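upload-v4.txt (compact mmCIF, C-alpha atoms) appears below.
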```
# COMPACT_ATOMS: atom_id res chain seq x y z
CA MET A 25 -22.11 -4.15 -44.61
CA GLU A 26 -20.98 -7.04 -42.47
CA THR A 27 -19.42 -8.91 -45.36
CA ILE A 28 -15.86 -8.16 -46.38
CA PRO A 29 -15.79 -7.24 -50.08
CA LEU A 30 -13.76 -9.45 -52.46
CA ILE A 31 -13.53 -12.22 -49.89
CA GLY A 32 -17.25 -12.48 -49.26
CA ILE A 33 -16.82 -13.64 -45.68
CA SER A 34 -18.75 -12.20 -42.79
CA ILE A 35 -16.62 -10.12 -40.44
CA TRP A 36 -18.36 -11.78 -37.51
CA LEU A 37 -17.12 -15.14 -38.72
CA ILE A 38 -13.56 -13.86 -38.65
CA ILE A 39 -14.09 -12.45 -35.17
CA LYS A 40 -15.58 -15.78 -34.11
CA ILE A 41 -12.47 -17.60 -35.36
CA PHE A 42 -10.21 -15.31 -33.35
CA VAL A 43 -12.39 -15.68 -30.26
CA VAL A 44 -12.32 -19.48 -30.55
CA ILE A 45 -8.53 -19.49 -31.00
CA ALA A 46 -8.17 -17.28 -27.92
CA LEU A 47 -10.43 -19.56 -25.92
CA VAL A 48 -8.50 -22.66 -27.00
CA ILE A 49 -5.29 -21.00 -25.78
CA TYR A 50 -7.09 -20.12 -22.54
CA LEU A 51 -8.18 -23.74 -22.22
CA VAL A 52 -4.54 -24.80 -22.36
CA PHE A 53 -3.85 -22.30 -19.57
CA ALA A 54 -6.70 -23.79 -17.53
CA VAL A 55 -5.17 -27.27 -17.94
CA VAL A 56 -1.80 -25.90 -16.79
CA VAL A 57 -3.52 -24.40 -13.72
CA VAL A 58 -5.00 -27.80 -12.83
CA ARG A 59 -1.60 -29.44 -13.24
CA GLN A 60 0.17 -26.80 -11.15
CA VAL A 61 -2.40 -27.11 -8.36
CA GLN A 62 -1.86 -30.90 -8.41
CA LEU A 63 1.90 -30.39 -8.12
CA MET A 64 1.49 -27.91 -5.29
CA THR A 65 -0.82 -30.17 -3.33
CA GLU A 66 1.82 -32.88 -3.63
CA THR A 67 4.50 -30.46 -2.43
CA LEU A 68 2.59 -29.20 0.57
CA LYS A 69 -0.30 -30.77 2.45
CA VAL A 70 -2.07 -28.56 4.94
CA GLY A 71 -5.66 -29.81 4.86
CA PHE A 72 -7.40 -27.66 2.28
CA GLU A 73 -6.27 -29.49 -0.84
CA ALA A 74 -9.66 -30.88 -1.86
CA PRO A 75 -11.44 -27.50 -2.20
CA ILE A 76 -8.51 -26.00 -4.08
CA LYS A 77 -8.46 -28.91 -6.54
CA LEU A 78 -12.22 -28.51 -6.89
CA PHE A 79 -11.85 -24.81 -7.75
CA ALA A 80 -9.14 -25.60 -10.29
CA TYR A 81 -11.30 -28.24 -11.99
CA ALA A 82 -14.32 -25.92 -11.86
CA HIS A 83 -12.25 -23.30 -13.65
CA LEU A 84 -11.30 -25.87 -16.30
CA VAL A 85 -14.94 -26.86 -16.79
CA PHE A 86 -15.89 -23.19 -17.03
CA ALA A 87 -13.27 -22.68 -19.76
CA ILE A 88 -14.65 -25.67 -21.68
CA VAL A 89 -18.20 -24.35 -21.35
CA VAL A 90 -17.21 -20.91 -22.64
CA LEU A 91 -15.36 -22.49 -25.58
CA LEU A 92 -18.39 -24.61 -26.44
CA ALA A 93 -20.64 -21.57 -26.11
CA ALA A 94 -18.39 -19.65 -28.50
CA LEU A 95 -18.41 -22.53 -31.01
CA LEU A 96 -22.16 -23.09 -30.88
CA ILE A 97 -23.62 -19.64 -30.30
CA LEU A 98 -21.33 -17.27 -32.17
CA MET B 28 33.19 -53.35 55.46
CA PRO B 29 30.31 -52.62 53.11
CA ASP B 30 30.44 -49.46 51.04
CA ILE B 31 27.72 -47.26 52.55
CA PHE B 32 28.73 -43.78 51.58
CA ILE B 33 29.86 -44.59 48.08
CA THR B 34 27.41 -43.48 45.43
CA ASP B 35 27.04 -45.03 42.01
CA SER B 36 29.73 -43.38 39.86
CA GLU B 37 27.40 -43.18 36.91
CA GLU B 38 24.89 -41.17 38.92
CA LYS B 39 27.63 -38.94 40.32
CA ASP B 40 29.12 -38.11 36.92
CA SER B 41 25.93 -37.41 34.95
CA PRO B 42 24.90 -33.74 35.10
CA ALA B 43 21.39 -32.71 36.05
CA PRO B 44 19.15 -32.54 32.95
CA THR B 45 18.85 -29.04 31.57
CA PRO B 46 15.23 -27.92 31.51
CA SER B 47 14.01 -27.37 27.96
CA VAL B 48 13.40 -23.77 26.96
CA PHE B 49 11.05 -24.99 24.28
CA PRO B 50 7.61 -26.27 25.32
CA GLU B 51 7.38 -29.04 22.76
CA PRO B 52 4.06 -30.85 23.30
CA LYS B 53 4.37 -34.54 24.04
CA THR B 54 0.68 -35.39 23.86
CA ALA B 55 -2.27 -34.31 21.73
CA THR B 56 -3.85 -32.65 24.78
CA GLN B 57 -0.76 -30.54 25.37
CA ARG B 58 -0.74 -29.59 21.72
CA GLU B 59 -4.38 -28.47 21.87
CA ARG B 60 -3.61 -26.19 24.82
CA LEU B 61 -0.76 -24.35 23.13
CA THR B 62 -1.43 -20.71 22.28
CA GLY B 63 -1.44 -20.35 18.52
CA HIS B 64 -2.36 -23.96 17.83
CA THR B 65 -5.30 -24.18 15.42
CA HIS B 66 -7.09 -26.65 13.18
CA ASN B 67 -7.87 -24.00 10.59
CA PRO B 68 -6.03 -24.92 7.35
CA LEU B 69 -6.30 -21.29 6.19
CA ALA B 70 -4.66 -19.89 9.33
CA SER B 71 -1.72 -17.55 8.90
CA TYR B 72 -0.12 -18.58 12.19
CA SER B 73 -0.23 -22.19 13.29
CA TYR B 74 1.86 -23.44 16.19
CA PHE B 75 2.63 -27.17 16.01
CA PRO B 76 0.06 -27.65 13.23
CA ASP B 77 -1.77 -30.92 12.74
CA ASN B 78 -1.79 -32.89 9.50
CA VAL B 79 0.80 -30.77 7.78
CA THR B 80 3.56 -32.24 5.71
CA PHE B 81 5.75 -31.13 2.84
CA GLU B 82 8.02 -32.55 0.21
CA ASN B 83 11.50 -33.62 1.36
CA ARG B 84 10.47 -33.67 4.98
CA GLU B 85 12.72 -35.87 7.10
CA LYS B 86 11.17 -38.66 9.16
CA GLU B 87 12.00 -37.16 12.55
CA GLU B 88 11.51 -33.58 11.46
CA LYS B 89 8.76 -31.83 13.41
CA ILE B 90 6.93 -28.81 12.11
CA ILE B 91 6.89 -26.18 14.82
CA LEU B 92 5.40 -23.18 13.08
CA LEU B 93 3.53 -22.66 9.84
CA LEU B 94 3.15 -19.09 8.66
CA ARG B 95 1.50 -17.23 5.82
CA ARG B 96 1.05 -13.58 5.01
CA HIS B 97 -1.54 -11.95 7.23
CA PRO B 98 -5.09 -12.32 5.81
CA VAL B 99 -5.49 -8.55 5.69
CA THR B 100 -2.96 -8.49 2.83
CA ASN B 101 -5.64 -10.15 0.69
CA LEU B 102 -8.10 -7.27 0.99
CA THR B 103 -6.93 -5.58 -2.20
CA TRP B 104 -7.49 -8.51 -4.53
CA ILE B 105 -10.73 -9.45 -2.77
CA MET B 106 -12.11 -5.98 -3.48
CA VAL B 107 -10.83 -6.05 -7.06
CA GLY B 108 -12.36 -9.51 -7.53
CA ALA B 109 -15.71 -8.32 -6.15
CA LEU B 110 -15.67 -5.34 -8.52
CA MET B 111 -14.83 -7.60 -11.44
CA LEU B 112 -17.76 -9.86 -10.63
CA LEU B 113 -20.10 -6.86 -10.41
CA ALA B 114 -18.74 -5.13 -13.53
CA PRO B 115 -21.21 -6.73 -16.03
CA VAL B 116 -24.04 -5.12 -14.06
CA ILE B 117 -22.68 -1.76 -15.27
CA LEU B 118 -23.48 -2.87 -18.82
CA THR B 119 -27.18 -2.57 -18.04
CA VAL B 120 -26.65 1.14 -17.32
CA PHE B 121 -23.79 1.88 -19.72
CA PRO B 122 -24.08 -0.54 -22.67
CA PHE B 123 -20.46 -0.47 -23.79
CA LEU B 124 -20.91 -3.62 -25.85
CA SER B 125 -24.02 -2.49 -27.71
CA PHE B 126 -22.07 -2.42 -31.02
CA LEU B 127 -21.74 -6.23 -30.77
CA PRO B 128 -24.54 -8.65 -31.68
CA ALA B 129 -26.35 -10.09 -28.67
CA ARG B 130 -24.64 -13.49 -29.00
CA PHE B 131 -21.20 -11.86 -28.88
CA GLN B 132 -22.19 -9.83 -25.84
CA PHE B 133 -23.31 -13.01 -24.08
CA VAL B 134 -20.03 -14.81 -24.79
CA ALA B 135 -18.09 -11.67 -23.79
CA VAL B 136 -19.81 -11.60 -20.40
CA LEU B 137 -19.18 -15.34 -19.94
CA GLY B 138 -15.53 -14.79 -20.80
CA TRP B 139 -15.31 -11.89 -18.33
CA TYR B 140 -16.67 -14.07 -15.50
CA MET B 141 -14.22 -16.82 -16.47
CA VAL B 142 -11.28 -14.42 -16.27
CA SER B 143 -12.58 -13.02 -12.96
CA PHE B 144 -12.76 -16.54 -11.54
CA ALA B 145 -9.21 -17.22 -12.72
CA PHE B 146 -8.02 -13.96 -11.12
CA VAL B 147 -9.55 -14.80 -7.74
CA LEU B 148 -8.34 -18.41 -7.90
CA GLU B 149 -4.79 -17.37 -8.77
CA LYS B 150 -4.61 -14.78 -5.98
CA PHE B 151 -5.99 -17.21 -3.41
CA VAL B 152 -3.72 -20.09 -4.43
CA VAL B 153 -0.64 -17.84 -4.45
CA TRP B 154 -1.48 -16.62 -0.91
CA TYR B 155 -2.31 -20.13 0.33
CA TYR B 156 0.90 -21.73 -0.93
CA ASP B 157 3.25 -18.84 -0.12
CA ILE B 158 4.31 -20.40 3.13
CA PHE B 159 7.02 -20.18 5.76
CA ILE B 160 7.73 -23.25 7.82
CA ILE B 161 9.90 -23.56 10.89
CA THR B 162 10.84 -27.07 11.89
CA ASN B 163 13.16 -28.41 14.58
CA GLU B 164 15.90 -28.68 11.93
CA ARG B 165 15.47 -25.84 9.44
CA VAL B 166 13.42 -22.94 8.19
CA LEU B 167 11.74 -23.11 4.82
CA ASP B 168 10.41 -20.39 2.59
CA ILE B 169 8.09 -21.65 -0.14
CA ASP B 170 7.41 -18.83 -2.59
CA PHE B 171 4.71 -19.34 -5.15
CA TYR B 172 5.10 -16.24 -7.32
CA ASN B 173 2.40 -17.21 -9.79
CA LEU B 174 0.74 -20.35 -11.01
CA ILE B 175 3.73 -21.53 -12.98
CA TYR B 176 6.71 -20.57 -10.87
CA LYS B 177 7.67 -21.65 -7.37
CA GLU B 178 10.82 -21.27 -5.33
CA VAL B 179 11.69 -23.25 -2.22
CA THR B 180 14.49 -22.03 0.04
CA ASP B 181 15.62 -23.65 3.25
CA ALA B 182 18.31 -22.97 5.80
CA SER B 183 19.46 -25.17 8.67
CA LEU B 184 18.94 -23.75 12.12
CA ASP B 185 22.63 -23.94 12.91
CA LYS B 186 23.33 -21.67 9.94
CA ILE B 187 21.15 -18.88 11.31
CA GLN B 188 23.28 -16.02 12.51
CA ASP B 189 20.82 -13.27 13.21
CA VAL B 190 17.05 -12.79 13.41
CA THR B 191 15.50 -9.35 13.06
CA TYR B 192 11.83 -8.46 13.02
CA SER B 193 10.10 -5.24 12.06
CA VAL B 194 6.59 -3.85 12.25
CA GLY B 195 6.18 -0.61 10.32
CA GLY B 196 3.18 1.32 9.16
CA VAL B 197 -0.29 2.02 10.50
CA GLY B 198 -1.93 -1.09 9.05
CA ARG B 199 0.79 -3.38 10.31
CA ALA B 200 0.73 -1.82 13.77
CA ILE B 201 -3.05 -2.18 14.01
CA PHE B 202 -3.18 -5.77 12.79
CA ASN B 203 0.19 -6.73 14.34
CA TYR B 204 1.96 -8.18 11.37
CA GLY B 205 5.42 -7.50 9.99
CA ASP B 206 8.59 -8.95 8.54
CA VAL B 207 11.16 -11.31 9.98
CA LEU B 208 14.61 -11.22 8.43
CA ILE B 209 16.81 -14.24 9.00
CA GLN B 210 20.46 -13.84 8.21
CA THR B 211 22.24 -17.08 7.54
CA ALA B 212 25.70 -18.35 6.80
CA ALA B 213 24.30 -20.36 3.91
CA GLU B 214 24.69 -19.57 0.24
CA LEU B 215 21.49 -17.57 0.32
CA GLU B 216 22.33 -14.97 2.92
CA ASN B 217 18.89 -13.82 3.94
CA LEU B 218 15.47 -15.31 4.30
CA ARG B 219 12.66 -12.83 4.65
CA PHE B 220 9.29 -13.78 6.02
CA GLN B 221 7.06 -10.96 4.83
CA ALA B 222 3.83 -9.68 6.36
CA ILE B 223 3.49 -12.52 8.86
CA PRO B 224 1.37 -12.27 12.02
CA TRP B 225 3.10 -11.75 15.36
CA PRO B 226 6.67 -11.39 14.09
CA ASP B 227 7.84 -10.88 17.67
CA LYS B 228 6.58 -14.33 18.66
CA VAL B 229 8.16 -15.85 15.55
CA ALA B 230 11.51 -14.29 16.42
CA LYS B 231 11.18 -15.58 19.99
CA ILE B 232 10.36 -19.08 18.80
CA LEU B 233 13.36 -19.04 16.46
CA GLN B 234 15.55 -17.93 19.32
CA ASP B 235 14.23 -20.72 21.55
CA ILE B 236 14.75 -23.35 18.88
CA ARG B 237 18.29 -22.19 18.25
CA MET B 238 19.07 -22.31 21.97
CA GLU B 239 17.59 -25.78 22.15
CA GLU B 240 19.68 -26.87 19.18
CA LYS B 241 22.81 -25.41 20.71
CA LYS B 242 22.22 -27.17 24.04
CA ALA B 243 21.58 -30.45 22.26
CA LYS B 244 24.91 -30.15 20.45
CA ASP B 245 26.82 -29.20 23.62
```
Spit out the file's structure as structure tokens when you get a sec.
Amino acid sequence: METIPLIGISIWLIIKIFVVIALVIYLVFAVVVVRQVQLMTETLKVGFEAPIKLFAYAHLVFAIVVLLAALLIL
Amino acid sequence: MPDIFITDSEEKDSPAPTPSVFPEPKTATQRERLTGHTHNPLASYSYFPDNVTFENREKEEKIILLLRRHPVTNLTWIMVGALMLLAPVILTVFPFLSFLPARFQFVAVLGWYMVSFAFVLEKFVVWYYDIFIITNERVLDIDFYNLIYKEVTDASLDKIQDVTYSVGGVGRAIFNYGDVLIQTAAELENLRFQAIPWPDKVAKILQDIRMEEKKAKD
């Protein structure tokens, strides 16, 4: 039931591939977010730059963790 | 015969110094005592802020006022963000993802939290960096529309022709925030500071700075 006839590939494998591709694209977005936050902290310094950079990097790490989870678990 | 009643010509010719209309603090103590001065980096209204600098700032340029949109404007996304974080709890009551294998459901929930985090981060960063700065030389409007697009507009104080402020609506009247419209003779005709706290004080400060600038030139 879960295998596509003729091809013989599990449908969940195909879904996994699409999920991984989407997460890789999201990872690129997370890297862009980190870069943009760096640029903004260089443009304007008010005194809260460290926490904001931390949140941006935490988001990047989160994206990496979700990608790894998708690769290993799915 | 010695000159007794002759005063020094330099003293006679120099006019009496005009008192400043602008209470610029000379010392750190004076700065601390100013109404509106704060050390909070998340403040929406900061008068003569400490430790603030921006790109292309001139050496002698002093930052007089730093403004952001009133914190109450963030309530919407804060509530949406809270609902997004709580949404997976609904799955325990209404299992929408039950058609997926358990491992896919787990990754889906992880992905949902990741997107929720990104949503909250983006909204916060956009609010934090959407800033209006008034210095002793110009006014700046730094607009950070999203994470990949920013726009910086500035206008010299001597180009300002008219300043108008408005407070409209129940929420704005209760929390005392509104818009300040600055009409300039520059290429960009108007600068609009939106949803800032105490727009009346901001307009008054702009008026004082412009008077100070005009006196300095005269």
Pick out the chain A residues within 9 Å of chain B. Count only C-alpha atoms. Give them as a count of residues only. 27
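For the residues B:Ile232, B:Ile91, B:Leu208, B:Ala70, ranking by smallest atom-to-atom distance to Glu164 (chain B) using all atoms listed in the file places B:Ile91 first.
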Can you list, as a PyMOL selection string, every protein, DNA or RNA residue that comes within 12 Å of Lys241 (chain B) when you count only C-alpha atoms, leaving out same-chain residues fewer than 3 positions away? chain B and resi 47-48+163-164+184-187+234-238+244-245
Leu112 (chain B): which residues within 9 Å, counting all atoms listed in the file, same-chain residues fewer than 4 positions away excluded, as an mmCIF file with C-alpha atoms, in the frame of the given file?
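So the final result, stored in around.cif, reads:
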```
data_model
loop_
_atom_site.group_PDB
_atom_site.id
_atom_site.type_symbol
_atom_site.label_atom_id
_atom_site.label_comp_id
_atom_site.auth_asym_id
_atom_site.auth_seq_id
_atom_site.Cartn_x
_atom_site.Cartn_y
_atom_site.Cartn_z
ATOM 1 C CA VAL B 107 -10.830 -6.050 -7.060
ATOM 2 C CA GLY B 108 -12.360 -9.510 -7.530
ATOM 3 C CA VAL B 116 -24.040 -5.120 -14.060
ATOM 4 C CA TRP B 139 -15.310 -11.890 -18.330
ATOM 5 C CA TYR B 140 -16.670 -14.070 -15.500
ATOM 6 C CA SER B 143 -12.580 -13.020 -12.960
ATOM 7 C CA PHE B 144 -12.760 -16.540 -11.540
#
```
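Closest approach to Tyr192 (chain B) from the set B:Ala55, B:Val153, B:Val99, B:Ile223 is made by B:Ile223, with distances taken over all atoms listed in the file.
You will find CA of Leu218 (chain B) at 8.4 Å from CA of Asp181 (chain B).
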